[in-house]
file protein.txt (compact mmCIF, C-alpha atoms and all ligand atoms)
# COMPACT_ATOMS: atom_id res chain seq x y z
CA MET A 237 -41.68 190.95 -65.31
CA ASN A 238 -42.98 192.44 -62.10
CA GLY A 239 -41.80 195.78 -60.74
CA SER A 240 -39.19 194.22 -58.48
CA GLY A 241 -37.44 192.61 -61.46
CA VAL A 242 -38.45 188.99 -60.90
CA VAL A 243 -38.99 186.96 -64.05
CA ASP A 244 -38.98 183.35 -65.27
CA VAL A 245 -36.46 183.93 -68.07
CA ALA A 246 -34.00 186.75 -68.81
CA ILE A 247 -32.63 186.84 -72.35
CA ALA A 248 -29.63 188.96 -73.34
CA GLY A 249 -29.84 190.13 -76.94
CA ALA A 250 -32.91 191.55 -78.66
CA GLY A 251 -32.05 190.31 -82.12
CA ILE A 252 -34.26 187.92 -84.06
CA ILE A 253 -33.02 184.95 -81.99
CA GLY A 254 -33.60 186.48 -78.56
CA LEU A 255 -36.98 187.99 -79.42
CA SER A 256 -38.24 184.87 -81.19
CA LEU A 257 -37.27 182.75 -78.19
CA GLY A 258 -38.94 185.28 -75.90
CA LEU A 259 -42.10 185.07 -77.98
CA GLU A 260 -42.11 181.28 -77.84
CA LEU A 261 -41.59 181.27 -74.07
CA ARG A 262 -44.46 183.76 -73.68
CA ARG A 263 -46.66 181.37 -75.67
CA ARG A 264 -45.79 178.76 -73.05
CA GLY A 265 -46.84 181.12 -70.26
CA LEU A 266 -43.43 182.12 -68.90
CA SER A 267 -42.62 185.70 -67.95
CA VAL A 268 -39.72 186.97 -70.06
CA VAL A 269 -37.47 190.01 -70.20
CA VAL A 270 -35.19 190.65 -73.18
CA ILE A 271 -32.29 193.02 -72.58
CA ASP A 272 -30.25 194.78 -75.26
CA ARG A 273 -27.52 197.39 -75.07
CA GLN A 274 -28.94 199.02 -78.22
CA GLN A 275 -32.37 199.21 -79.83
CA ALA A 276 -33.93 195.83 -80.62
CA MET A 277 -33.03 194.30 -83.99
CA SER A 278 -30.29 196.83 -84.68
CA SER A 279 -27.35 194.49 -85.37
CA ALA A 280 -27.03 191.43 -87.62
CA SER A 281 -30.77 190.73 -87.60
CA TRP A 282 -31.42 193.99 -89.38
CA ALA A 283 -28.32 193.98 -91.60
CA ALA A 284 -28.99 190.47 -92.94
CA GLY A 285 -29.82 189.51 -96.51
CA GLY A 286 -32.98 187.76 -95.33
CA MET A 287 -32.56 184.64 -97.47
CA LEU A 288 -34.19 181.56 -95.96
CA ALA A 289 -31.50 179.49 -97.63
CA VAL A 290 -32.34 175.99 -96.42
CA HIS A 291 -30.37 174.24 -99.17
CA ASP A 292 -27.55 176.72 -99.73
CA PRO A 293 -24.63 174.43 -100.68
CA GLN A 294 -22.35 176.60 -98.53
CA ASN A 295 -24.22 175.62 -95.36
CA PRO A 296 -22.58 172.90 -93.23
CA ALA A 297 -24.39 169.56 -93.74
CA GLU A 298 -25.14 169.30 -89.98
CA LEU A 299 -27.36 172.37 -90.29
CA LEU A 300 -29.86 170.72 -92.64
CA PRO A 301 -32.28 169.16 -90.07
CA LEU A 302 -32.53 172.48 -88.21
CA SER A 303 -32.92 174.42 -91.46
CA VAL A 304 -35.65 172.15 -92.82
CA ARG A 305 -37.60 172.27 -89.55
CA SER A 306 -37.29 176.05 -89.41
CA TRP A 307 -38.62 176.44 -92.95
CA ASP A 308 -41.58 174.25 -91.91
CA LEU A 309 -42.21 176.48 -88.90
CA TYR A 310 -41.90 179.73 -90.84
CA PRO A 311 -45.51 180.21 -92.04
CA GLU A 312 -46.95 179.83 -88.54
CA TYR A 313 -44.15 181.97 -87.07
CA LEU A 314 -44.81 184.83 -89.48
CA GLU A 315 -48.58 184.55 -88.97
CA ARG A 316 -48.12 184.92 -85.23
CA VAL A 317 -45.71 187.86 -85.55
CA GLU A 318 -48.13 189.56 -87.95
CA ALA A 319 -51.19 188.90 -85.80
CA LEU A 320 -49.53 190.22 -82.64
CA SER A 321 -47.88 193.22 -84.24
CA GLY A 322 -50.48 194.18 -86.83
CA LYS A 323 -47.59 194.55 -89.30
CA LYS A 324 -46.95 192.56 -92.48
CA VAL A 325 -43.83 190.44 -92.90
CA PRO A 326 -44.30 188.99 -96.38
CA LEU A 327 -42.03 186.54 -98.15
CA ARG A 328 -40.64 188.70 -100.92
CA THR A 329 -39.35 185.83 -103.06
CA ARG A 330 -40.16 182.11 -103.13
CA ARG A 331 -37.41 180.65 -105.31
CA ALA A 332 -33.64 180.98 -105.66
CA MET A 333 -31.38 180.44 -108.64
CA GLN A 334 -28.19 178.80 -107.39
CA CYS A 335 -25.20 179.05 -109.71
CA VAL A 336 -23.42 175.74 -110.30
CA ALA A 337 -20.03 175.69 -111.92
CA PRO A 338 -20.21 174.54 -115.56
CA ASP A 339 -17.27 172.20 -114.87
CA ARG A 340 -18.58 170.79 -111.60
CA ALA A 341 -17.09 167.34 -111.20
CA THR A 342 -19.13 165.91 -108.33
CA GLY A 343 -22.34 165.41 -110.26
CA VAL A 344 -24.30 166.58 -107.20
CA ARG A 345 -27.45 168.41 -108.22
CA TYR A 346 -29.16 171.07 -106.13
CA GLY A 347 -32.41 171.22 -108.05
CA GLU A 348 -33.81 171.37 -111.56
CA THR A 349 -31.79 173.33 -114.10
CA VAL A 350 -33.24 176.77 -114.76
CA THR A 351 -34.47 176.73 -118.35
CA ALA A 352 -34.20 179.69 -120.71
CA ALA A 353 -37.98 180.16 -120.49
CA GLU A 354 -37.88 180.18 -116.68
CA ALA A 355 -34.97 182.62 -116.66
CA ALA A 356 -36.97 184.89 -118.98
CA GLU A 357 -39.95 184.65 -116.65
CA PHE A 358 -38.21 185.12 -113.27
CA ALA A 359 -35.11 187.07 -114.19
CA PRO A 360 -35.36 188.69 -117.61
CA GLY A 361 -32.78 191.21 -116.45
CA LEU A 362 -30.18 188.50 -115.78
CA ASP A 363 -27.10 188.00 -117.95
CA ALA A 364 -26.12 184.44 -117.00
CA GLY A 365 -22.99 184.38 -119.19
CA ASP A 366 -21.40 180.92 -118.91
CA ASN A 367 -23.06 180.25 -115.56
CA ILE A 368 -25.52 177.40 -115.15
CA PHE A 369 -28.23 177.90 -112.54
CA GLU A 370 -30.39 175.40 -110.68
CA TRP A 371 -33.57 176.08 -108.73
CA LEU A 372 -33.75 175.92 -104.97
CA ASP A 373 -37.08 176.15 -103.18
CA GLU A 374 -36.53 178.81 -100.58
CA GLY A 375 -38.02 182.12 -99.55
CA SER A 376 -36.60 185.47 -98.58
CA LEU A 377 -37.89 188.31 -96.47
CA ASP A 378 -36.84 191.88 -95.84
CA PRO A 379 -35.24 192.08 -92.38
CA ASN A 380 -36.58 195.65 -92.12
CA ASP A 381 -40.08 194.14 -91.97
CA VAL A 382 -39.02 191.85 -89.12
CA ARG A 383 -37.41 194.78 -87.34
CA GLU A 384 -40.71 196.68 -87.47
CA ALA A 385 -42.86 193.76 -86.36
CA LEU A 386 -41.02 191.39 -84.03
CA PRO A 387 -40.30 193.71 -81.06
CA VAL A 388 -43.95 194.88 -81.15
CA ALA A 389 -45.15 191.26 -81.31
CA PHE A 390 -43.01 190.32 -78.31
CA VAL A 391 -44.26 193.23 -76.20
CA THR A 392 -47.89 192.66 -77.27
CA ALA A 393 -47.48 189.03 -76.18
CA GLY A 394 -46.65 190.32 -72.71
CA GLY A 395 -42.84 190.30 -72.87
CA THR A 396 -40.70 193.04 -71.34
CA LEU A 397 -38.13 194.68 -73.57
CA LEU A 398 -35.28 196.61 -71.94
CA GLU A 399 -33.44 198.48 -74.71
CA GLU A 400 -30.38 200.73 -74.31
CA THR A 401 -29.57 198.60 -71.27
CA GLU A 402 -26.09 197.17 -70.81
CA LEU A 403 -25.64 193.71 -69.33
CA LEU A 404 -23.08 193.95 -66.52
CA GLY A 405 -22.98 190.40 -65.16
CA VAL A 406 -24.80 187.13 -64.59
CA GLU A 407 -24.45 185.31 -61.29
CA SER A 408 -25.91 181.89 -60.41
CA VAL A 409 -27.83 181.84 -57.15
CA THR A 410 -30.11 179.28 -55.51
CA ASP A 411 -32.86 178.40 -58.03
CA GLY A 412 -31.83 180.89 -60.66
CA VAL A 413 -29.64 183.80 -61.68
CA LEU A 414 -29.13 187.42 -60.80
CA VAL A 415 -28.70 189.52 -63.93
CA GLN A 416 -27.08 192.90 -63.37
CA THR A 417 -27.80 195.60 -65.91
CA THR A 418 -27.27 199.35 -66.11
CA ARG A 419 -30.99 199.81 -65.54
CA LYS A 420 -32.02 197.26 -62.95
CA LEU A 421 -31.18 194.03 -61.18
CA VAL A 422 -33.20 191.15 -62.61
CA SER A 423 -33.81 187.98 -60.68
CA ALA A 424 -34.62 185.18 -63.14
CA GLY A 425 -35.18 181.45 -63.09
CA MET A 426 -33.14 181.05 -66.26
CA PHE A 427 -30.79 183.17 -68.37
CA VAL A 428 -30.17 182.81 -72.12
CA ASN A 429 -27.24 184.31 -74.01
CA CYS A 430 -28.57 185.41 -77.41
CA CYS A 431 -25.93 188.12 -77.88
CA GLY A 432 -24.98 187.20 -81.45
CA ALA A 433 -21.49 188.40 -82.35
CA TRP A 434 -21.08 189.68 -78.78
CA ALA A 435 -21.95 186.32 -77.20
CA GLY A 436 -18.32 185.48 -76.44
CA GLU A 437 -17.67 188.42 -74.14
CA GLY A 438 -16.79 186.31 -71.12
CA GLU A 439 -16.17 189.19 -68.76
CA ARG A 440 -19.90 189.91 -68.54
CA GLY A 441 -20.60 186.38 -67.36
CA LEU A 442 -21.65 185.19 -70.80
CA GLY A 443 -19.57 182.05 -70.64
CA GLY A 444 -16.53 182.77 -72.83
CA LEU A 445 -17.89 181.15 -75.99
CA PRO A 446 -15.69 180.99 -79.12
CA VAL A 447 -17.97 183.33 -81.06
CA VAL A 448 -16.31 185.92 -83.28
CA PRO A 449 -17.75 188.78 -85.32
CA VAL A 450 -17.67 188.24 -89.10
CA LYS A 451 -18.40 191.47 -90.89
CA GLY A 452 -20.67 191.59 -93.92
CA GLN A 453 -21.11 194.68 -96.07
CA MET A 454 -24.27 195.04 -98.14
CA ALA A 455 -25.94 197.54 -100.48
CA ASN A 456 -29.08 198.13 -102.49
CA LEU A 457 -29.08 198.39 -106.28
CA ARG A 458 -32.13 199.70 -108.13
CA LEU A 459 -33.99 197.68 -110.76
CA ALA A 460 -37.57 197.60 -112.03
CA PRO A 461 -39.30 194.96 -109.84
CA GLU A 462 -40.48 192.79 -112.75
CA ARG A 463 -36.90 192.36 -114.03
CA LEU A 464 -35.91 190.09 -111.10
CA ARG A 465 -38.37 188.01 -109.06
CA CYS A 466 -36.13 185.41 -107.39
CA VAL A 467 -32.91 185.31 -105.39
CA VAL A 468 -29.78 184.78 -107.47
CA ARG A 469 -26.66 183.27 -105.87
CA ALA A 470 -23.34 183.03 -107.68
CA PRO A 471 -19.79 182.66 -106.33
CA GLY A 472 -19.01 185.64 -104.11
CA ILE A 473 -22.28 187.48 -104.70
CA TYR A 474 -25.99 187.19 -104.04
CA LEU A 475 -28.88 189.34 -105.20
CA VAL A 476 -32.14 189.52 -103.26
CA PRO A 477 -34.96 191.51 -104.89
CA ARG A 478 -37.33 193.14 -102.41
CA GLY A 479 -40.15 193.54 -104.93
CA ASP A 480 -40.15 197.33 -104.75
CA GLY A 481 -37.21 198.33 -106.94
CA ARG A 482 -34.51 197.49 -104.38
CA VAL A 483 -32.16 194.59 -105.07
CA THR A 484 -30.06 193.88 -101.99
CA ILE A 485 -26.58 192.60 -102.80
CA GLY A 486 -24.11 190.95 -100.46
CA ALA A 487 -22.00 190.26 -98.83
CA THR A 488 -18.38 190.59 -97.81
CA ILE A 489 -17.02 188.08 -95.30
CA GLU A 490 -14.42 189.87 -93.18
CA HIS A 491 -12.64 188.89 -89.97
CA VAL A 492 -11.87 192.40 -88.71
CA GLY A 493 -13.17 192.35 -85.15
CA PHE A 494 -16.04 194.58 -84.09
CA ASP A 495 -15.61 196.99 -87.00
CA GLU A 496 -18.97 197.89 -88.55
CA THR A 497 -17.78 200.66 -90.86
CA VAL A 498 -18.78 200.63 -94.51
CA GLN A 499 -15.93 200.86 -97.03
CA GLU A 500 -17.27 202.17 -100.30
CA PRO A 501 -14.52 200.54 -102.44
CA SER A 502 -15.62 197.11 -101.11
CA ILE A 503 -19.23 197.93 -101.90
CA ARG A 504 -18.37 199.15 -105.42
CA ARG A 505 -16.42 195.91 -106.11
CA MET A 506 -19.44 193.90 -104.97
CA ALA A 507 -21.74 196.08 -107.08
CA ALA A 508 -19.53 195.44 -110.13
CA ALA A 509 -19.90 191.66 -109.60
CA ALA A 510 -23.66 192.08 -109.25
CA LEU A 511 -23.91 194.30 -112.33
CA SER A 512 -22.07 191.72 -114.44
CA LEU A 513 -25.04 189.44 -113.72
CA LEU A 514 -27.66 192.17 -113.73
CA PRO A 515 -26.49 194.82 -116.20
CA GLU A 516 -29.83 196.65 -116.20
CA ALA A 517 -29.56 197.43 -112.49
CA GLU A 518 -28.39 200.80 -111.29
CA ALA A 519 -25.72 201.34 -108.65
CA PRO A 520 -26.54 204.97 -107.76
CA PRO A 521 -23.76 207.36 -106.71
CA LEU A 522 -25.44 207.61 -103.31
CA MET A 523 -26.16 203.94 -102.68
CA ASP A 524 -27.81 202.54 -99.54
CA MET A 525 -24.88 200.74 -97.91
CA TRP A 526 -24.53 199.11 -94.54
CA ALA A 527 -22.58 196.52 -92.58
CA GLY A 528 -23.39 193.99 -89.90
CA LEU A 529 -21.55 191.49 -87.73
CA ARG A 530 -22.46 187.82 -88.05
CA PRO A 531 -21.79 185.59 -85.03
CA GLY A 532 -19.21 183.12 -86.36
CA THR A 533 -18.15 179.90 -84.64
CA PRO A 534 -15.12 177.65 -85.34
CA ASP A 535 -17.25 175.00 -87.11
CA GLY A 536 -19.85 177.30 -88.62
CA LEU A 537 -22.63 175.79 -86.49
CA PRO A 538 -24.75 177.56 -83.88
CA ILE A 539 -24.36 177.03 -80.14
CA LEU A 540 -27.66 175.85 -78.67
CA GLY A 541 -28.33 174.37 -75.27
CA LYS A 542 -27.17 174.43 -71.67
CA ALA A 543 -24.25 176.49 -70.45
CA THR A 544 -21.89 175.21 -67.78
CA LYS A 545 -23.18 177.83 -65.34
CA GLU A 546 -26.33 176.64 -63.51
CA CYS A 547 -29.65 177.83 -64.99
CA CYS A 548 -27.87 179.41 -67.97
CA TRP A 549 -28.34 178.62 -71.67
CA HIS A 550 -26.88 179.65 -75.02
CA ALA A 551 -28.64 180.33 -78.33
CA THR A 552 -26.13 182.06 -80.54
CA GLY A 553 -23.51 181.57 -83.26
CA HIS A 554 -25.99 181.39 -86.14
CA TYR A 555 -23.39 182.92 -88.50
CA ARG A 556 -25.05 183.39 -91.93
CA ASP A 557 -28.40 181.81 -91.06
CA GLY A 558 -29.90 183.65 -88.09
CA ILE A 559 -33.01 184.74 -89.98
CA LEU A 560 -33.61 181.24 -91.37
CA LEU A 561 -33.01 179.54 -88.03
CA ALA A 562 -34.96 181.86 -85.71
CA PRO A 563 -38.23 179.88 -85.59
CA VAL A 564 -36.56 176.51 -84.99
CA THR A 565 -34.14 177.98 -82.46
CA ALA A 566 -37.05 179.41 -80.48
CA HIS A 567 -38.90 176.10 -80.72
CA VAL A 568 -36.13 173.69 -79.73
CA MET A 569 -34.65 175.96 -77.08
CA ALA A 570 -38.05 176.36 -75.42
CA GLN A 571 -38.45 172.58 -75.51
CA ALA A 572 -35.03 171.99 -73.96
CA MET A 573 -35.46 174.70 -71.33
CA MET A 574 -38.76 173.19 -70.25
CA GLY A 575 -37.31 169.70 -69.95
CA GLU A 576 -38.86 168.34 -73.14
CA ARG A 577 -37.04 166.42 -75.84
CA PRO A 578 -36.26 168.89 -78.68
CA ASP A 579 -37.69 168.03 -82.12
CA VAL A 580 -34.16 168.27 -83.50
CA GLY A 581 -31.34 166.81 -81.42
CA LEU A 582 -29.06 169.51 -80.06
CA GLU A 583 -25.95 167.36 -79.44
CA ALA A 584 -24.09 168.72 -82.49
CA PHE A 585 -24.74 172.26 -81.26
CA ALA A 586 -23.64 171.87 -77.61
CA ALA A 587 -21.16 174.44 -76.29
CA SER A 588 -19.17 171.53 -74.84
CA ARG A 589 -17.95 170.54 -78.34
CA PHE A 590 -15.32 173.31 -78.18
N1 LIG A 601 -26.96 185.31 -94.85
C1 LIG A 601 -26.18 185.93 -95.82
C2 LIG A 601 -24.89 186.41 -95.37
O1 LIG A 601 -24.41 186.07 -94.32
O2 LIG A 601 -24.28 187.16 -96.09

call {"tool": "encode", "arguments": {"input": "protein.txt", "output": "C-alpha cells"}}
result
Amino acid sequence: MNGSGVVDVAIAGAGIIGLSLGLELRRRGLSVVVIDRQQAMSSASWAAGGMLAVHDPQNPAELLPLSVRSWDLYPEYLERVEALSGKKVPLRTRRAMQCVAPDRATGVRYGETVTAAEAAEFAPGLDAGDNIFEWLDEGSLDPNDVREALPVAFVTAGGTLLEETELLGVESVTDGVLVQTTRKLVSAGMFVNCCGAWAGEGERGLGGLPVVPVKGQMANLRLAPERLRCVVRAPGIYLVPRGDGRVTIGATIEHVGFDETVQEPSIRRMAAAALSLLPEAEAPPLMDMWAGLRPGTPDGLPILGKATKECCWHATGHYRDGILLAPVTAHVMAQAMMGERPDVGLEAFAASRF
C-alpha cells in the first residue's frame, strides 16, 4: 500500500483466512492491506484445535472437495509460510483415531480399524473402553505456530498489516471501494470480508451475512509425549497432542453470542471426558484454558465468493474448519477475484444461497 492508502485489495480480518488470502494475492503481484481491530491471529485462528480434519464424519458432505484440495495444498502452503517467516510450523500429528459407535448400523467405514498393536504404538496411554476406533489420514498443527509465523510471512511478502484498527465502513465507488478505518482511509480495487465470527456485522458495510459466533472452550492436559502420538476423536471430545507434553482438548459448542469468557466448570467436565479416555493425563489445578468464537453459518458451510456490493467479496463462515480450509480458501478466492475459474466450484458457498 502506498502512503496515500491506495491498494489493489483491502481485506478485513487478520485471521488465518484473511492473511492466507493476502499472502496468495501478494504471490500474484497485487498490493494488499489486511486490517484487524485486534492483533493478527488473536481470535478463532489462535484458539482452534488445529486438526486438519479432512474426513471428520461431522463435516457436511459438501465440504469434502474443498477439504481434500486444501490438504493437498498444505505442504506447499506451510513451506512458503516457513520460508518467508523463518519460523517452523510443523505438523504435530499425522493420523487420527476416529471413534465409531460399536452399534453403528449404517455399515459406513471411515478407515481401517485401529488394531491393539497400533493402539499400543500410537496411544499406549489410551483407555478405549467399549469404543472402536478407525484410522483417518489427517494432520494437525499447533495454531500458536501459525500465529507466530503467518503475520510475519505476509509482511515479508510485501503485505501491509494494520492491527488495532477498527473498520468503520465500506463504500463502493467508481472502480473500487473506499474503506474507512480508525487509522486511515483506504482506497482499494477490491474489498474482502474475512471477519470470521464478526463477518455478519452489517452496520459496518460488511453485507449483513448470517454468520453467528459459536463459542468453543478448550484446555491443555499434560501427558508424556510418547503416551499419545495421534489425534483421538470420540463423541463430544477430541484430544490433540502437541508433541511436547501438552494435549489440547476440546471443545464446547455454545450459542451464547460474543461471549469469550472461560467457565471452569465446563472445562472440568470436558477434562473428565478426556481423562476417561486418557487416564494417565493430568488436569492440573491451574490448567491452560481459553475460548474462541467460530464463525457459524445456517448450513455449516463457508461463504466464499462475490458480495452483492460492487467490488466486494466474502471469505468467511468456516465454522470448525478454518485452519484446514485456509490454503484452499486463499487459492480459490484469488482465482475467482482475478477472473479465473476456481479449482473447486464455489456455487455451494455463494452468499446468495441464504
Ligand atoms: N475445529 C475444532 C472445533 O471447532 O472445535

call {"tool": "closest_atom_pairs", "arguments": {"input": "protein.txt", "of": "chain A", "to": "ligand LIG 601 (chain A)", "cutoff": "8 Å", "atoms": "only C-alpha atoms and all ligand atoms", "output": "JSON lines"}}
result
{"residue": "A:Ala284", "atom": "CA", "partner": "A:LIG601", "partner_atom": "N1", "distance": 5.9}
{"residue": "A:Gly285", "atom": "CA", "partner": "A:LIG601", "partner_atom": "C1", "distance": 5.2}
{"residue": "A:Gly286", "atom": "CA", "partner": "A:LIG601", "partner_atom": "N1", "distance": 6.5}
{"residue": "A:Met287", "atom": "CA", "partner": "A:LIG601", "partner_atom": "N1", "distance": 6.2}
{"residue": "A:Ala289", "atom": "CA", "partner": "A:LIG601", "partner_atom": "N1", "distance": 7.9}
{"residue": "A:Gly452", "atom": "CA", "partner": "A:LIG601", "partner_atom": "O2", "distance": 6.1}
{"residue": "A:Gly486", "atom": "CA", "partner": "A:LIG601", "partner_atom": "O2", "distance": 5.8}
{"residue": "A:Ala487", "atom": "CA", "partner": "A:LIG601", "partner_atom": "O2", "distance": 4.7}
{"residue": "A:Thr488", "atom": "CA", "partner": "A:LIG601", "partner_atom": "O2", "distance": 7.0}
{"residue": "A:Ile489", "atom": "CA", "partner": "A:LIG601", "partner_atom": "O2", "distance": 7.4}
{"residue": "A:Arg530", "atom": "CA", "partner": "A:LIG601", "partner_atom": "O1", "distance": 6.8}
{"residue": "A:Tyr555", "atom": "CA", "partner": "A:LIG601", "partner_atom": "O1", "distance": 6.7}
{"residue": "A:Arg556", "atom": "CA", "partner": "A:LIG601", "partner_atom": "O1", "distance": 3.6}
{"residue": "A:Asp557", "atom": "CA", "partner": "A:LIG601", "partner_atom": "N1", "distance": 5.4}
{"residue": "A:Gly558", "atom": "CA", "partner": "A:LIG601", "partner_atom": "N1", "distance": 7.6}
{"residue": "A:Ile559", "atom": "CA", "partner": "A:LIG601", "partner_atom": "N1", "distance": 7.8}

call {"tool": "closest_residue", "arguments": {"input": "protein.txt", "among": "A:Thr396, A:Ser512, A:Gln274, A:Asn380", "to": "Met237 in chain A", "atoms": "only C-alpha atoms"}}
result
A:Thr396

call {"tool": "closest_residue", "arguments": {"input": "protein.txt", "among": "A:Gln571, A:Gln453, A:Ser376, A:Thr533", "to": "Pro477 in chain A", "atoms": "only C-alpha atoms"}}
result
A:Ser376

call {"tool": "closest_residue", "arguments": {"input": "protein.txt", "among": "A:Leu327, A:Ala276, A:Gly553, A:Leu464", "to": "Leu377 in chain A", "atoms": "only C-alpha atoms"}}
result
A:Leu327

call {"tool": "atom_distance", "arguments": {"input": "protein.txt", "atom1": "CA of Ala570 in chain A", "atom2": "CA of Val450 in chain A"}}
result
27.3 Å

call {"tool": "axis_aligned_box", "arguments": {"input": "protein.txt", "around": "range 417-422 of chain A", "padding_each_side": "5 Å", "output": "lines of an AutoDock Vina configuration file"}}
result
center_x = -30.2
center_y = 195.5
center_z = -63.6
size_x = 15.9
size_y = 18.7
size_z = 14.9

call {"tool": "residues_around", "arguments": {"input": "protein.txt", "residues": "Gly258 in chain A", "least_positions_apart": "4", "cutoff": "9 Å", "atoms": "only C-alpha atoms", "output": "mmCIF file with C-alpha atoms, in the frame of the given file"}}
result
data_model
loop_
_atom_site.group_PDB
_atom_site.id
_atom_site.type_symbol
_atom_site.label_atom_id
_atom_site.label_comp_id
_atom_site.auth_asym_id
_atom_site.auth_seq_id
_atom_site.Cartn_x
_atom_site.Cartn_y
_atom_site.Cartn_z
ATOM 1 C CA VAL A 245 -36.460 183.930 -68.070
ATOM 2 C CA ALA A 246 -34.000 186.750 -68.810
ATOM 3 C CA ILE A 247 -32.630 186.840 -72.350
ATOM 4 C CA ILE A 253 -33.020 184.950 -81.990
ATOM 5 C CA GLY A 254 -33.600 186.480 -78.560
ATOM 6 C CA ARG A 262 -44.460 183.760 -73.680
ATOM 7 C CA ARG A 263 -46.660 181.370 -75.670
ATOM 8 C CA LEU A 266 -43.430 182.120 -68.900
ATOM 9 C CA SER A 267 -42.620 185.700 -67.950
ATOM 10 C CA VAL A 268 -39.720 186.970 -70.060
ATOM 11 C CA VAL A 269 -37.470 190.010 -70.200
ATOM 12 C CA VAL A 270 -35.190 190.650 -73.180
ATOM 13 C CA PHE A 390 -43.010 190.320 -78.310
ATOM 14 C CA GLY A 395 -42.840 190.300 -72.870
ATOM 15 C CA ALA A 566 -37.050 179.410 -80.480
ATOM 16 C CA ALA A 570 -38.050 176.360 -75.420
#

call {"tool": "residues_around", "arguments": {"input": "protein.txt", "residues": "Gly322 in chain A", "least_positions_apart": "5", "cutoff": "10 Å", "atoms": "all atoms listed in the file", "output": "PyMOL selection string"}}
result
chain A and resi 316-317+385+388-389

call {"tool": "residues_near_point", "arguments": {"input": "protein.txt", "point": "(-30.0, 193.5, -97.6)", "cutoff": "8 Å", "atoms": "all atoms listed in the file", "output": "ChimeraX atom specification"}}
result
/A:283-286,378-379,454-456,476,483-486

call {"tool": "residues_around", "arguments": {"input": "protein.txt", "residues": "range 505-507 of chain A", "least_positions_apart": "4", "cutoff": "7 Å", "atoms": "only C-alpha atoms", "output": "PyMOL selection string"}}
result
chain A and resi 501+511+519

call {"tool": "closest_residue", "arguments": {"input": "protein.txt", "among": "A:Lys420, A:Arg331, A:His567, A:Lys324", "to": "Arg383 in chain A", "atoms": "only C-alpha atoms"}}
result
A:Lys324

call {"tool": "atom_distance", "arguments": {"input": "protein.txt", "atom1": "CA of Thr418 in chain A", "atom2": "CA of Ala250 in chain A"}}
result
15.8 Å

call {"tool": "atom_distance", "arguments": {"input": "protein.txt", "atom1": "CA of Arg419 in chain A", "atom2": "CA of Gly432 in chain A"}}
result
21.2 Å

call {"tool": "residues_near_point", "arguments": {"input": "protein.txt", "point": "(-29.3, 183.4, -60.1)", "cutoff": "8 Å", "atoms": "only C-alpha atoms", "output": "number ranges by chain"}}
result
A: 406-415, 423-426, 547

call {"tool": "residues_around", "arguments": {"input": "protein.txt", "residues": "Gly581 in chain A", "least_positions_apart": "4", "cutoff": "10 Å", "atoms": "only C-alpha atoms", "output": "number ranges by chain"}}
result
A: 301-302, 568, 572, 577, 585-586

call {"tool": "closest_residue", "arguments": {"input": "protein.txt", "among": "A:Leu362, A:Leu540, A:Met277, A:Leu261", "to": "Glu400 in chain A", "atoms": "only C-alpha atoms"}}
result
A:Met277

call {"tool": "closest_residue", "arguments": {"input": "protein.txt", "among": "A:Leu404, A:Ala562, A:Ala356, A:Ala433", "to": "Leu255 in chain A", "atoms": "only C-alpha atoms"}}
result
A:Ala562

call {"tool": "build_atoms", "arguments": {"input": "protein.txt", "residues": "range 454-463 of chain A", "atoms": "N, CA, C and O atoms", "output": "PDB file, keeping the file's coordinate frame"}}
result
ATOM      1  N   MET A 454     -23.124 195.248 -97.247  1.00  0.00           N
ATOM      2  CA  MET A 454     -24.270 195.040 -98.140  1.00  0.00           C
ATOM      3  C   MET A 454     -24.645 196.369 -98.788  1.00  0.00           C
ATOM      4  O   MET A 454     -24.251 197.432 -98.307  1.00  0.00           O
ATOM      5  N   ALA A 455     -25.459 196.305 -99.829  1.00  0.00           N
ATOM      6  CA  ALA A 455     -25.940 197.540-100.480  1.00  0.00           C
ATOM      7  C   ALA A 455     -27.213 197.226-101.246  1.00  0.00           C
ATOM      8  O   ALA A 455     -27.553 196.064-101.462  1.00  0.00           O
ATOM      9  N   ASN A 456     -27.897 198.275-101.643  1.00  0.00           N
ATOM     10  CA  ASN A 456     -29.080 198.130-102.490  1.00  0.00           C
ATOM     11  C   ASN A 456     -28.801 198.704-103.871  1.00  0.00           C
ATOM     12  O   ASN A 456     -28.396 199.877-104.003  1.00  0.00           O
ATOM     13  N   LEU A 457     -29.015 197.886-104.903  1.00  0.00           N
ATOM     14  CA  LEU A 457     -29.080 198.390-106.280  1.00  0.00           C
ATOM     15  C   LEU A 457     -30.524 198.735-106.562  1.00  0.00           C
ATOM     16  O   LEU A 457     -31.432 198.381-105.805  1.00  0.00           O
ATOM     17  N   ARG A 458     -30.768 199.396-107.689  1.00  0.00           N
ATOM     18  CA  ARG A 458     -32.130 199.700-108.130  1.00  0.00           C
ATOM     19  C   ARG A 458     -32.409 198.940-109.429  1.00  0.00           C
ATOM     20  O   ARG A 458     -31.537 198.835-110.293  1.00  0.00           O
ATOM     21  N   LEU A 459     -33.592 198.390-109.533  1.00  0.00           N
ATOM     22  CA  LEU A 459     -33.990 197.680-110.760  1.00  0.00           C
ATOM     23  C   LEU A 459     -35.512 197.588-110.766  1.00  0.00           C
ATOM     24  O   LEU A 459     -36.125 197.355-109.716  1.00  0.00           O
ATOM     25  N   ALA A 460     -36.110 197.739-111.933  1.00  0.00           N
ATOM     26  CA  ALA A 460     -37.570 197.600-112.030  1.00  0.00           C
ATOM     27  C   ALA A 460     -37.971 196.235-111.466  1.00  0.00           C
ATOM     28  O   ALA A 460     -37.367 195.215-111.826  1.00  0.00           O
ATOM     29  N   PRO A 461     -38.983 196.195-110.549  1.00  0.00           N
ATOM     30  CA  PRO A 461     -39.300 194.960-109.840  1.00  0.00           C
ATOM     31  C   PRO A 461     -39.527 193.749-110.741  1.00  0.00           C
ATOM     32  O   PRO A 461     -39.121 192.633-110.409  1.00  0.00           O
ATOM     33  N   GLU A 462     -40.150 193.947-111.905  1.00  0.00           N
ATOM     34  CA  GLU A 462     -40.480 192.790-112.750  1.00  0.00           C
ATOM     35  C   GLU A 462     -39.246 192.211-113.455  1.00  0.00           C
ATOM     36  O   GLU A 462     -39.337 191.146-114.054  1.00  0.00           O
ATOM     37  N   ARG A 463     -38.092 192.866-113.352  1.00  0.00           N
ATOM     38  CA  ARG A 463     -36.900 192.360-114.030  1.00  0.00           C
ATOM     39  C   ARG A 463     -36.132 191.324-113.190  1.00  0.00           C
ATOM     40  O   ARG A 463     -35.187 190.721-113.664  1.00  0.00           O
TER      41      ARG A 463
END
